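Notes for the one structure printed next.
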Amino acid sequence: MIERWSRDQVLALAPDAASRKAAQGVASPGKWQVRGVAGALLYGACRGSGATPYLACVDLTEPAYRCTCPSRKFPCKHALGLLLLWAGDAVPEGTQAPAWATEWLTARTARATSTRSPAQPPTEPEPAPERQPAGAGAGVGQQSNGVGVGPERQPAEAGAGRQVEEAEEAEVGPGQQADGVEMGPARQPAGAESVRHGRVGAGLAEVERWLADQVRQGLAGAAEHEWDGLAKRLIDAQAPGVAGMVSRLAQVRAGDDWPGRLLAEYALINLLAVAYRRRAELPAPLARTVLIRAGFPVTREEVLAGPALRDHWDVLGRRDEVQDRLTARRVWLRGRRSGRAALVLSFAPQGQPLDASLVTGVTLDADVAFYPGAAPLRALVADRHGTVPAAGPPPGGPPEEALEEVARAVAEDPWVESWPVVLADVVPERTALGGLPLHPAAHDPWRLLAVSGGHPLTVAAEWTPRGLRPLTTWDDDGTAVIL
């Protein structure tokens, strides 16, 4: 049986504020001619402006959505309103689903079976490893986990679906910084790849010379037009990952604490350029990380063809951010038995819906496949086996253990920009959490402070070099509260 979601979890699925408001307007039993839930299938017929009601279905195991309304938002207000009724225990259970709902679910199951990619059998997770001192080499690659597959209903139908696919496969500069794994076209023939290596090498040699000039002349002389020009030349040199790092320098320069941050960004860019030049001397996983950070592609098919790890994955939270003309969604997972962390990343053009198949606070029984690298973090959900009912808050640890985990990750991959942590028995403050500083944008977390009431609780957060970003906490009843 699917564990009932909270109102917070449902509203977090809405694509925008207007959808959240509209969903609450249809979340009234009187607006639904038919509503029910049969196993994991939630269905309902909502009265609309016409004579024919809108038929809405939700597969609660993904979740996936379907509605006959003309809305191009995903999920639409009818699916969200139906979920709100279900979350409020206003949907009868154990009823016989109508044919239009069961036919949709049967078709979904058949498509999922026929399109499932062949992959190596999933491995069972080993117990979470003992905490090692910061810098220990073996731990990080074993700290990552999985992420989700796309929804049933494609955003804005076929046209926008093509846009999303192209956006994920194109080398789009800043958008490729979000997850540390660059998306790109299918792997090229050896000859073409050799030519590309030559272009990338020449572009990064220019970056090294440019950085030396910047340090020699002083940080105050940096000009935005120089960064823009260098980023464009790096795109021409087929190094979109490095171009993305250069493009964000203007944003760093606009901050109050820009000197130290700008110098740190320069150092990371220079480290990547030198590592690319000397990649033949690096261990194979780190050399692959360098190529990925530079912008060489890793295809979805390659990831799914590799080994997968089956575990119970807690969906810790998510964060959306606009990058150039795309919106990137980060969804963080952690395995209960393996202790590994994972990042699911999805893109969509601005104004178009993003993947909403991973619900914050839910625990999934799933097989997860990871992208390659020295500190694997980004992953795909290869297969789902359902949800884990009444799982409660995810296992956490003290801040010291979280810092050790992050230190291992940064030791393996110096370009790591964020990492999920779960802190147990911490008392939040206005500018800190468990003694660790909060990100400047996360100061005064009033909702977290209200849930805590001065008492310790479990908090899932995103670590960044500038501080923690709280994602989710759990109240005394074990219900997820999205922050």
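Simple scheme: letters A, B, ... for chains in structure tokens order, numbers from 1 for residues in each chain, numbers from 1 for ligands in the order shown.
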
Do a neighbour search on Pro29 in chain A at 9 Å with only C-alpha atoms, toss out local chain neighbours closer than 3 positions, and write the hits as a compact mmCIF listing (two decimals) with N, CA, C and O atoms, in the first residue's frame.
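Written out: out.txt:
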```
# COMPACT_ATOMS: atom_id res chain seq x y z
N VAL A 26 -9.64 23.26 -7.08
CA VAL A 26 -10.39 22.06 -7.51
C VAL A 26 -10.28 20.93 -6.49
O VAL A 26 -10.81 19.84 -6.73
N TRP A 32 -15.81 16.77 -8.04
CA TRP A 32 -15.44 15.49 -8.66
C TRP A 32 -16.64 14.55 -8.71
O TRP A 32 -17.20 14.17 -7.69
N GLN A 33 -17.01 14.17 -9.93
CA GLN A 33 -18.11 13.23 -10.11
C GLN A 33 -17.71 11.83 -9.66
O GLN A 33 -18.51 11.08 -9.11
N ARG A 35 -14.20 9.66 -7.96
CA ARG A 35 -12.84 9.68 -7.45
C ARG A 35 -12.62 8.40 -6.65
O ARG A 35 -13.54 7.87 -6.03
N LEU A 85 -6.80 15.91 -2.53
CA LEU A 85 -7.91 15.20 -1.90
C LEU A 85 -7.44 13.89 -1.28
O LEU A 85 -7.82 13.53 -0.16
N ALA A 90 -9.66 12.19 1.48
CA ALA A 90 -11.00 12.45 0.94
C ALA A 90 -11.25 11.66 -0.34
O ALA A 90 -12.11 12.03 -1.14
N VAL A 91 -10.49 10.57 -0.55
CA VAL A 91 -10.68 9.72 -1.73
C VAL A 91 -10.95 8.30 -1.23
O VAL A 91 -10.14 7.74 -0.48
```

Quick one: everything within 8 Å of Ala237 in chain A, counting only C-alpha atoms, minus sequence neighbours fewer than 4 positions away in the same chain. Send it as a JSON list (two decimals) with N, CA, C and O atoms, in the first residue's frame.
```json
[["chain", "number", "residue", "atom", "x", "y", "z"],
["A", 196, "ARG", "N", 38.84, 16.63, -31.69],
["A", 196, "ARG", "CA", 38.27, 17.41, -30.60],
["A", 196, "ARG", "C", 39.26, 17.59, -29.47],
["A", 196, "ARG", "O", 39.37, 18.67, -28.89],
["A", 199, "ARG", "N", 41.47, 20.42, -30.25],
["A", 199, "ARG", "CA", 40.82, 21.72, -30.09],
["A", 199, "ARG", "C", 40.67, 22.09, -28.62],
["A", 199, "ARG", "O", 40.92, 23.23, -28.21],
["A", 200, "VAL", "N", 40.25, 21.12, -27.81],
["A", 200, "VAL", "CA", 40.09, 21.39, -26.39],
["A", 200, "VAL", "C", 41.44, 21.73, -25.75],
["A", 200, "VAL", "O", 41.55, 22.67, -24.95],
["A", 202, "ALA", "N", 44.04, 23.08, -27.15],
["A", 202, "ALA", "CA", 44.45, 24.44, -27.53],
["A", 202, "ALA", "C", 43.65, 25.49, -26.77],
["A", 202, "ALA", "O", 44.20, 26.51, -26.32],
["A", 203, "GLY", "N", 42.34, 25.23, -26.60],
["A", 203, "GLY", "CA", 41.52, 26.18, -25.86],
["A", 203, "GLY", "C", 41.94, 26.31, -24.41],
["A", 203, "GLY", "O", 42.00, 27.41, -23.86],
["A", 233, "ARG", "N", 35.09, 31.59, -27.01],
["A", 233, "ARG", "CA", 36.19, 30.88, -27.66],
["A", 233, "ARG", "C", 36.29, 29.44, -27.17],
["A", 233, "ARG", "O", 36.64, 28.54, -27.93]]
```

From range 156-391 of chain A, collect each residue whose DSSP state is strand (DSSP E) and return the set as a ChimeraX atom specification.
/A:308-323,326-335,341-349,363-370,379-387

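Once Ala14 in chain A and its same-chain neighbours fewer than 2 positions away are set aside, A:Gln9, A:Val10, A:Leu11, A:Ala12, A:Asp16, A:Ala17, A:Ala18, A:Ser19, A:Arg20, A:Lys21, A:Ala22, A:Ala23, A:Lys73, A:Phe74, A:Pro75, A:Cys76, A:Lys77, A:Ala79, A:Leu80, A:Pro353, A:Leu354, A:Ala356 remain within 10 Å of it when counting only C-alpha atoms.
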
With N, CA, C and O atoms retained, could you export that selection as a PDB file, in the first residue's frame?
```pdb
ATOM      1  N   GLN A   9       4.066  17.801   0.296  1.00  0.00           N
ATOM      2  CA  GLN A   9       4.663  16.981  -0.763  1.00  0.00           C
ATOM      3  C   GLN A   9       3.901  17.115  -2.074  1.00  0.00           C
ATOM      4  O   GLN A   9       4.500  17.122  -3.147  1.00  0.00           O
ATOM      5  N   VAL A  10       2.589  17.214  -1.995  1.00  0.00           N
ATOM      6  CA  VAL A  10       1.789  17.367  -3.211  1.00  0.00           C
ATOM      7  C   VAL A  10       2.042  18.729  -3.854  1.00  0.00           C
ATOM      8  O   VAL A  10       2.312  18.829  -5.061  1.00  0.00           O
ATOM      9  N   LEU A  11       1.964  19.787  -3.069  1.00  0.00           N
ATOM     10  CA  LEU A  11       2.120  21.132  -3.627  1.00  0.00           C
ATOM     11  C   LEU A  11       3.521  21.355  -4.177  1.00  0.00           C
ATOM     12  O   LEU A  11       3.717  22.181  -5.075  1.00  0.00           O
ATOM     13  N   ALA A  12       4.504  20.623  -3.666  1.00  0.00           N
ATOM     14  CA  ALA A  12       5.866  20.752  -4.189  1.00  0.00           C
ATOM     15  C   ALA A  12       5.972  20.232  -5.618  1.00  0.00           C
ATOM     16  O   ALA A  12       6.925  20.563  -6.324  1.00  0.00           O
ATOM     17  N   ASP A  16       4.371  25.687 -10.923  1.00  0.00           N
ATOM     18  CA  ASP A  16       4.502  27.106 -10.599  1.00  0.00           C
ATOM     19  C   ASP A  16       3.462  27.489  -9.547  1.00  0.00           C
ATOM     20  O   ASP A  16       2.610  26.685  -9.159  1.00  0.00           O
ATOM     21  N   ALA A  17       3.554  28.746  -9.088  1.00  0.00           N
ATOM     22  CA  ALA A  17       2.649  29.219  -8.036  1.00  0.00           C
ATOM     23  C   ALA A  17       1.202  29.240  -8.503  1.00  0.00           C
ATOM     24  O   ALA A  17       0.272  28.949  -7.731  1.00  0.00           O
ATOM     25  N   ALA A  18       0.993  29.585  -9.785  1.00  0.00           N
ATOM     26  CA  ALA A  18      -0.379  29.617 -10.310  1.00  0.00           C
ATOM     27  C   ALA A  18      -1.016  28.232 -10.273  1.00  0.00           C
ATOM     28  O   ALA A  18      -2.210  28.091  -9.969  1.00  0.00           O
ATOM     29  N   SER A  19      -0.235  27.209 -10.574  1.00  0.00           N
ATOM     30  CA  SER A  19      -0.762  25.840 -10.533  1.00  0.00           C
ATOM     31  C   SER A  19      -1.108  25.421  -9.110  1.00  0.00           C
ATOM     32  O   SER A  19      -2.106  24.732  -8.879  1.00  0.00           O
ATOM     33  N   ARG A  20      -0.280  25.837  -8.151  1.00  0.00           N
ATOM     34  CA  ARG A  20      -0.580  25.504  -6.749  1.00  0.00           C
ATOM     35  C   ARG A  20      -1.913  26.124  -6.324  1.00  0.00           C
ATOM     36  O   ARG A  20      -2.727  25.472  -5.666  1.00  0.00           O
ATOM     37  N   LYS A  21      -2.131  27.376  -6.701  1.00  0.00           N
ATOM     38  CA  LYS A  21      -3.375  28.045  -6.324  1.00  0.00           C
ATOM     39  C   LYS A  21      -4.573  27.397  -7.030  1.00  0.00           C
ATOM     40  O   LYS A  21      -5.621  27.156  -6.410  1.00  0.00           O
ATOM     41  N   ALA A  22      -4.424  27.107  -8.331  1.00  0.00           N
ATOM     42  CA  ALA A  22      -5.524  26.506  -9.092  1.00  0.00           C
ATOM     43  C   ALA A  22      -5.858  25.113  -8.568  1.00  0.00           C
ATOM     44  O   ALA A  22      -7.031  24.717  -8.522  1.00  0.00           O
ATOM     45  N   ALA A  23      -4.835  24.358  -8.165  1.00  0.00           N
ATOM     46  CA  ALA A  23      -5.075  23.007  -7.652  1.00  0.00           C
ATOM     47  C   ALA A  23      -5.912  23.038  -6.382  1.00  0.00           C
ATOM     48  O   ALA A  23      -6.809  22.207  -6.191  1.00  0.00           O
ATOM     49  N   LYS A  73       0.531  22.366 -18.702  1.00  0.00           N
ATOM     50  CA  LYS A  73       1.340  22.289 -17.497  1.00  0.00           C
ATOM     51  C   LYS A  73       1.358  20.852 -16.995  1.00  0.00           C
ATOM     52  O   LYS A  73       0.412  20.088 -17.203  1.00  0.00           O
ATOM     53  N   PHE A  74       2.430  20.518 -16.308  1.00  0.00           N
ATOM     54  CA  PHE A  74       2.618  19.139 -15.904  1.00  0.00           C
ATOM     55  C   PHE A  74       3.218  19.088 -14.503  1.00  0.00           C
ATOM     56  O   PHE A  74       4.297  19.645 -14.292  1.00  0.00           O
ATOM     57  N   PRO A  75       2.527  18.491 -13.522  1.00  0.00           N
ATOM     58  CA  PRO A  75       1.156  17.989 -13.615  1.00  0.00           C
ATOM     59  C   PRO A  75       0.159  19.144 -13.643  1.00  0.00           C
ATOM     60  O   PRO A  75       0.438  20.225 -13.126  1.00  0.00           O
ATOM     61  N   CYS A  76      -1.005  18.899 -14.208  1.00  0.00           N
ATOM     62  CA  CYS A  76      -2.023  19.940 -14.321  1.00  0.00           C
ATOM     63  C   CYS A  76      -2.738  20.125 -12.974  1.00  0.00           C
ATOM     64  O   CYS A  76      -2.560  19.350 -12.031  1.00  0.00           O
ATOM     65  N   LYS A  77      -3.595  21.144 -12.915  1.00  0.00           N
ATOM     66  CA  LYS A  77      -4.281  21.440 -11.651  1.00  0.00           C
ATOM     67  C   LYS A  77      -5.225  20.320 -11.247  1.00  0.00           C
ATOM     68  O   LYS A  77      -5.468  20.111 -10.042  1.00  0.00           O
ATOM     69  N   ALA A  79      -4.792  16.972 -11.744  1.00  0.00           N
ATOM     70  CA  ALA A  79      -4.001  15.913 -11.117  1.00  0.00           C
ATOM     71  C   ALA A  79      -3.554  16.340  -9.719  1.00  0.00           C
ATOM     72  O   ALA A  79      -3.611  15.554  -8.759  1.00  0.00           O
ATOM     73  N   LEU A  80      -3.137  17.599  -9.591  1.00  0.00           N
ATOM     74  CA  LEU A  80      -2.715  18.093  -8.280  1.00  0.00           C
ATOM     75  C   LEU A  80      -3.887  18.165  -7.304  1.00  0.00           C
ATOM     76  O   LEU A  80      -3.755  17.811  -6.121  1.00  0.00           O
ATOM     77  N   PRO A 353       7.414  22.470 -18.102  1.00  0.00           N
ATOM     78  CA  PRO A 353       7.462  21.643 -16.892  1.00  0.00           C
ATOM     79  C   PRO A 353       8.720  20.790 -16.816  1.00  0.00           C
ATOM     80  O   PRO A 353       9.273  20.374 -17.828  1.00  0.00           O
ATOM     81  N   LEU A 354       9.151  20.523 -15.607  1.00  0.00           N
ATOM     82  CA  LEU A 354      10.299  19.667 -15.334  1.00  0.00           C
ATOM     83  C   LEU A 354       9.823  18.304 -14.842  1.00  0.00           C
ATOM     84  O   LEU A 354       8.651  18.120 -14.508  1.00  0.00           O
ATOM     85  N   ALA A 356       8.765  15.610 -12.596  1.00  0.00           N
ATOM     86  CA  ALA A 356       8.198  15.635 -11.241  1.00  0.00           C
ATOM     87  C   ALA A 356       7.956  14.223 -10.719  1.00  0.00           C
ATOM     88  O   ALA A 356       7.082  13.995  -9.893  1.00  0.00           O
TER      89      ALA A 356
END
```

Option closest in space to Arg4 in chain A, from A:Leu433, A:Ala391, A:Val344, A:Thr458 [counting only C-alpha atoms]
A:Ala391

Could you name the residues that touch Ala294 in chain A at 7 Å or less, counting only C-alpha atoms, but leaving out those on the same chain fewer than 6 positions away, as a PyMOL selection string?
chain A and resi 239-242

Interatomic distance, CA of Gly81 in chain A to CA of Pro349 in chain A (Å, one decimal)
25.1 Å

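If you measure from each of A:Gly30, A:Gly361, A:Pro420, A:Pro307 to Val406 in chain A using only C-alpha atoms, the closest one turns out to be A:Pro420.
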
Residues flagged helix (DSSP H, G or I) by DSSP in range 410-447 of chain A, as a VMD selection string:
chain A and resid 410 to 412 440 to 442 446 to 447

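Considering the residues A:His443, A:Arg469, A:His78, A:Arg47 and counting only C-alpha atoms, Val421 in chain A has its shortest atom-to-atom contact with A:Arg469.
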
Excluding same-chain residues fewer than 3 positions from range 101-110 of chain A, what lies within 10 Å of it counting only C-alpha atoms, as a ChimeraX atom specification?
/A:38,40-44,55-59,64-66,96-98,113-115,152

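If only C-alpha atoms are the atoms counted, then among A:Pro15, A:Ala407, A:Leu471, A:Lys31 the closest residue to Ala348 in chain A is A:Pro15.
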
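For the pair CA of Leu380 in chain A and CA of Pro297 in chain A, the separation is 15.4 Å.
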
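Counting only C-alpha atoms and comparing A:Thr387, A:Gly295, A:Glu265, A:Gln214, the residue that lies closest to Leu234 in chain A is A:Gly295.
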
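With only C-alpha atoms taken into account, the protein and nucleic acid residues at most 10 Å from Val388 in chain A (excluding it and anything under 4 positions from it in its own chain) are Met1, Ile2, Glu3, His312, Trp313, Asp314, Val362, Thr363, Leu364, Asp365 and Gly392 of chain A.
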
Write the residues of the preceding selection, restricted to all heavy atoms, as a compact mmCIF listing (two decimals), in the first residue's frame.
```txt
# COMPACT_ATOMS: atom_id res chain seq x y z
N MET A 1 0.84 -1.19 0.00
CA MET A 1 0.00 0.00 0.00
C MET A 1 0.88 1.25 0.00
O MET A 1 1.90 1.31 0.70
CB MET A 1 -0.92 0.00 1.23
CG MET A 1 -1.86 1.20 1.30
SD MET A 1 -2.93 1.09 2.75
CE MET A 1 -3.80 2.64 2.61
N ILE A 2 0.51 2.25 -0.80
CA ILE A 2 1.28 3.47 -0.90
C ILE A 2 1.02 4.34 0.34
O ILE A 2 -0.12 4.57 0.73
CB ILE A 2 0.89 4.26 -2.16
CG1 ILE A 2 1.12 3.39 -3.41
CG2 ILE A 2 1.68 5.55 -2.26
CD1 ILE A 2 2.54 3.04 -3.67
N GLU A 3 2.12 4.81 0.95
CA GLU A 3 1.97 5.70 2.10
C GLU A 3 1.41 7.04 1.62
O GLU A 3 1.87 7.61 0.62
CB GLU A 3 3.32 5.90 2.78
CG GLU A 3 3.24 6.74 4.03
CD GLU A 3 4.60 6.90 4.69
OE1 GLU A 3 5.59 6.39 4.13
OE2 GLU A 3 4.64 7.53 5.77
N HIS A 312 17.01 1.08 -0.92
CA HIS A 312 15.86 1.92 -0.57
C HIS A 312 16.36 3.36 -0.55
O HIS A 312 17.16 3.74 0.31
CB HIS A 312 15.29 1.53 0.79
CG HIS A 312 14.64 0.18 0.78
ND1 HIS A 312 14.25 -0.47 1.95
CD2 HIS A 312 14.28 -0.64 -0.23
CE1 HIS A 312 13.69 -1.62 1.63
NE2 HIS A 312 13.71 -1.75 0.32
N TRP A 313 15.92 4.15 -1.51
CA TRP A 313 16.44 5.49 -1.73
C TRP A 313 15.48 6.54 -1.16
O TRP A 313 14.34 6.62 -1.59
CB TRP A 313 16.64 5.75 -3.22
CG TRP A 313 17.55 4.76 -3.88
CD1 TRP A 313 17.20 3.68 -4.63
CD2 TRP A 313 18.98 4.76 -3.85
NE1 TRP A 313 18.30 3.00 -5.06
CE2 TRP A 313 19.42 3.65 -4.59
CE3 TRP A 313 19.92 5.60 -3.25
CZ2 TRP A 313 20.77 3.36 -4.77
CZ3 TRP A 313 21.26 5.30 -3.43
CH2 TRP A 313 21.67 4.19 -4.18
N ASP A 314 15.96 7.32 -0.22
CA ASP A 314 15.18 8.44 0.31
C ASP A 314 15.32 9.63 -0.63
O ASP A 314 16.45 10.02 -0.99
CB ASP A 314 15.69 8.84 1.70
CG ASP A 314 15.31 7.83 2.77
OD1 ASP A 314 14.10 7.59 2.94
OD2 ASP A 314 16.22 7.29 3.41
N VAL A 362 9.56 10.69 0.00
CA VAL A 362 9.19 9.31 -0.32
C VAL A 362 10.46 8.45 -0.34
O VAL A 362 11.54 8.92 -0.69
CB VAL A 362 8.47 9.25 -1.68
CG1 VAL A 362 8.34 7.81 -2.17
CG2 VAL A 362 7.09 9.89 -1.56
N THR A 363 10.33 7.19 0.04
CA THR A 363 11.44 6.23 -0.03
C THR A 363 11.14 5.22 -1.12
O THR A 363 10.10 4.55 -1.08
CB THR A 363 11.64 5.52 1.32
OG1 THR A 363 11.84 6.50 2.34
CG2 THR A 363 12.82 4.58 1.27
N LEU A 364 12.03 5.10 -2.10
CA LEU A 364 11.84 4.22 -3.25
C LEU A 364 12.68 2.97 -3.13
O LEU A 364 13.84 3.02 -2.68
CB LEU A 364 12.25 4.94 -4.54
CG LEU A 364 11.57 6.26 -4.88
CD1 LEU A 364 12.24 6.87 -6.10
CD2 LEU A 364 10.09 6.04 -5.15
N ASP A 365 12.12 1.85 -3.53
CA ASP A 365 12.88 0.62 -3.74
C ASP A 365 13.23 0.61 -5.23
O ASP A 365 12.35 0.42 -6.07
CB ASP A 365 12.04 -0.60 -3.36
CG ASP A 365 12.79 -1.91 -3.55
OD1 ASP A 365 13.97 -1.88 -3.95
OD2 ASP A 365 12.19 -2.98 -3.31
N GLY A 392 9.84 6.68 7.49
CA GLY A 392 10.28 7.66 8.47
C GLY A 392 11.47 8.46 7.97
O GLY A 392 11.89 8.33 6.82
```
